[in-house]
Amino acid sequence: MSSQSVVDKITTFINTNFPSEPLVDLTAEFRDLNDLLTANGIGRNDPWLGIQFIGNDELPISLSATNNSGKYREIGAIYIHVVGVAAINAASGIRARADALRAGIRGQNIDGIRIESITPANFNAGATLQFEGGWTGASVIASYETDIDL
């Protein structure tokens, strides 16, 4: 998982800039989907975003870096699942929402978190969440880096 600082800053950014997109952190969530959505105030026919934070590595970037001093760089990925009700032509609405999300995140420096790249919406199995009960979705993946001063 990404550092708590990254989770907090990215979550705040999405909630602030995309207020019509309810955001659910899916990291380490094992509840039934309907219970999770109900707990987050999301109704049966509401579109929503699921988010997962995937930390990758933390590397020293200053010569004098030790475990308690210096500068480190955290890199990772943020999976954003753009979810809607399964219906004929659901993909076009999901793609439009994903494209708006990508345009708002692409190239951003979010309080020191630099978004290096973001993928187009991917609807393929294995690329996004697999749903039962009337949901479908696509994922976009944002790669990021951020520096940590110890």
# chains A, B, ... in the order shown; residues from 1 in each chain; ligands from 1

$ residues_around --residues "range 78-94 of chain A" --least-positions-apart "5" --cutoff "7 Å" --atoms "only C-alpha atoms" --output "VMD selection string"
chain A and resid 45 47 to 54 128 134 to 143

$ select_by_dssp --residues "chain A" --states "helix (DSSP H, G or I)" --output "number ranges by chain"
A: 4-17, 33-39, 90-105

$ closest_residue --among "A:Leu23, A:Leu63, A:Gly55, A:Ser3" --to "Leu37 in chain A" --atoms "only C-alpha atoms"
A:Leu23

$ atom_distance --atom1 "CA of Glu74 in chain A" --atom2 "CA of Glu145 in chain A"
5.5 Å

$ select_by_dssp --residues "chain A" --states "strand (DSSP E or B)" --output "PyMOL selection string"
chain A and resi 23-25+48-60+66+69+71-85+109-110+113-118+122+125+128+135-149

$ residues_around --residues "Ile75 in chain A" --least-positions-apart "5" --cutoff "12 Å" --atoms "only C-alpha atoms" --output "number ranges by chain"
A: 1-3, 6, 53-60, 113-117, 142-148

$ write_last_selection --atoms "N, CA, C and O atoms" --output "mmCIF file, in the first residue's frame"
data_model
loop_
_atom_site.group_PDB
_atom_site.id
_atom_site.type_symbol
_atom_site.label_atom_id
_atom_site.label_comp_id
_atom_site.auth_asym_id
_atom_site.auth_seq_id
_atom_site.Cartn_x
_atom_site.Cartn_y
_atom_site.Cartn_z
ATOM 1 N N MET A 1 0.837 -1.173 0.000
ATOM 2 C CA MET A 1 0.000 0.000 0.000
ATOM 3 C C MET A 1 0.886 1.243 0.000
ATOM 4 O O MET A 1 1.968 1.235 0.565
ATOM 5 N N SER A 2 0.409 2.276 -0.593
ATOM 6 C CA SER A 2 1.115 3.550 -0.604
ATOM 7 C C SER A 2 1.166 4.123 0.809
ATOM 8 O O SER A 2 0.414 3.724 1.686
ATOM 9 N N SER A 3 2.053 5.103 1.003
ATOM 10 C CA SER A 3 2.153 5.738 2.313
ATOM 11 C C SER A 3 0.856 6.467 2.641
ATOM 12 O O SER A 3 0.087 6.853 1.745
ATOM 13 N N VAL A 6 0.274 9.774 0.861
ATOM 14 C CA VAL A 6 -0.211 9.668 -0.514
ATOM 15 C C VAL A 6 -1.707 9.371 -0.511
ATOM 16 O O VAL A 6 -2.481 10.004 -1.245
ATOM 17 N N PHE A 53 -4.575 1.712 -3.616
ATOM 18 C CA PHE A 53 -3.236 2.295 -3.616
ATOM 19 C C PHE A 53 -2.220 1.169 -3.584
ATOM 20 O O PHE A 53 -2.210 0.357 -2.656
ATOM 21 N N ILE A 54 -1.352 1.138 -4.596
ATOM 22 C CA ILE A 54 -0.365 0.073 -4.729
ATOM 23 C C ILE A 54 1.025 0.697 -4.627
ATOM 24 O O ILE A 54 1.512 1.307 -5.580
ATOM 25 N N GLY A 55 1.637 0.581 -3.461
ATOM 26 C CA GLY A 55 3.001 1.070 -3.303
ATOM 27 C C GLY A 55 3.954 0.164 -4.066
ATOM 28 O O GLY A 55 3.722 -1.030 -4.189
ATOM 29 N N ASN A 56 5.014 0.712 -4.580
ATOM 30 C CA ASN A 56 5.959 -0.082 -5.353
ATOM 31 C C ASN A 56 7.320 -0.124 -4.679
ATOM 32 O O ASN A 56 7.798 -1.169 -4.314
ATOM 33 N N ASP A 57 7.938 1.029 -4.506
ATOM 34 C CA ASP A 57 9.306 1.048 -3.993
ATOM 35 C C ASP A 57 9.580 2.384 -3.329
ATOM 36 O O ASP A 57 8.912 3.378 -3.598
ATOM 37 N N GLU A 58 10.563 2.391 -2.457
ATOM 38 C CA GLU A 58 11.062 3.625 -1.856
ATOM 39 C C GLU A 58 12.578 3.568 -1.955
ATOM 40 O O GLU A 58 13.210 2.701 -1.368
ATOM 41 N N LEU A 59 13.136 4.489 -2.714
ATOM 42 C CA LEU A 59 14.562 4.470 -3.017
ATOM 43 C C LEU A 59 15.259 5.696 -2.464
ATOM 44 O O LEU A 59 14.712 6.801 -2.520
ATOM 45 N N PRO A 60 16.487 5.544 -1.947
ATOM 46 C CA PRO A 60 17.234 6.726 -1.521
ATOM 47 C C PRO A 60 17.651 7.530 -2.745
ATOM 48 O O PRO A 60 18.079 6.970 -3.754
ATOM 49 N N ILE A 113 2.975 15.114 -4.879
ATOM 50 C CA ILE A 113 2.825 13.805 -5.533
ATOM 51 C C ILE A 113 2.715 14.071 -7.028
ATOM 52 O O ILE A 113 1.753 14.689 -7.493
ATOM 53 N N ARG A 114 3.714 13.627 -7.767
ATOM 54 C CA ARG A 114 3.766 13.888 -9.198
ATOM 55 C C ARG A 114 3.147 12.709 -9.954
ATOM 56 O O ARG A 114 3.615 11.580 -9.847
ATOM 57 N N ILE A 115 2.093 13.012 -10.718
ATOM 58 C CA ILE A 115 1.458 11.983 -11.549
ATOM 59 C C ILE A 115 2.272 11.886 -12.831
ATOM 60 O O ILE A 115 2.344 12.824 -13.614
ATOM 61 N N GLU A 116 2.906 10.735 -13.027
ATOM 62 C CA GLU A 116 3.786 10.551 -14.178
ATOM 63 C C GLU A 116 3.042 10.074 -15.411
ATOM 64 O O GLU A 116 3.411 10.407 -16.527
ATOM 65 N N SER A 117 2.017 9.250 -15.211
ATOM 66 C CA SER A 117 1.243 8.753 -16.350
ATOM 67 C C SER A 117 -0.103 8.263 -15.850
ATOM 68 O O SER A 117 -0.282 8.005 -14.655
ATOM 69 N N ALA A 142 -2.973 5.340 -12.448
ATOM 70 C CA ALA A 142 -2.078 6.494 -12.410
ATOM 71 C C ALA A 142 -0.782 6.084 -11.731
ATOM 72 O O ALA A 142 -0.800 5.555 -10.623
ATOM 73 N N SER A 143 0.340 6.311 -12.396
ATOM 74 C CA SER A 143 1.650 6.086 -11.791
ATOM 75 C C SER A 143 2.108 7.385 -11.153
ATOM 76 O O SER A 143 1.947 8.455 -11.724
ATOM 77 N N TYR A 144 2.698 7.274 -9.959
ATOM 78 C CA TYR A 144 3.106 8.486 -9.246
ATOM 79 C C TYR A 144 4.493 8.304 -8.638
ATOM 80 O O TYR A 144 4.997 7.196 -8.500
ATOM 81 N N GLU A 145 5.065 9.435 -8.251
ATOM 82 C CA GLU A 145 6.267 9.476 -7.422
ATOM 83 C C GLU A 145 6.151 10.652 -6.475
ATOM 84 O O GLU A 145 5.496 11.651 -6.780
ATOM 85 N N THR A 146 6.750 10.501 -5.305
ATOM 86 C CA THR A 146 6.779 11.576 -4.329
ATOM 87 C C THR A 146 8.058 11.457 -3.506
ATOM 88 O O THR A 146 8.549 10.350 -3.291
ATOM 89 N N ASP A 147 8.603 12.572 -3.107
ATOM 90 C CA ASP A 147 9.837 12.575 -2.329
ATOM 91 C C ASP A 147 9.534 12.724 -0.850
ATOM 92 O O ASP A 147 8.618 13.434 -0.443
ATOM 93 N N ILE A 148 10.346 12.034 -0.042
ATOM 94 C CA ILE A 148 10.189 12.029 1.404
ATOM 95 C C ILE A 148 11.490 12.525 2.004
ATOM 96 O O ILE A 148 12.551 11.955 1.747
#

$ residues_around --residues "Gly104 in chain A" --least-positions-apart "6" --cutoff "12 Å" --atoms "only C-alpha atoms" --output "JSON, numbers by chain"
{"A": [13, 14, 16, 17, 18, 97, 98, 110, 115, 118, 142]}

$ atom_distance --atom1 "CA of Tyr72 in chain A" --atom2 "CA of Leu150 in chain A"
7.9 Å
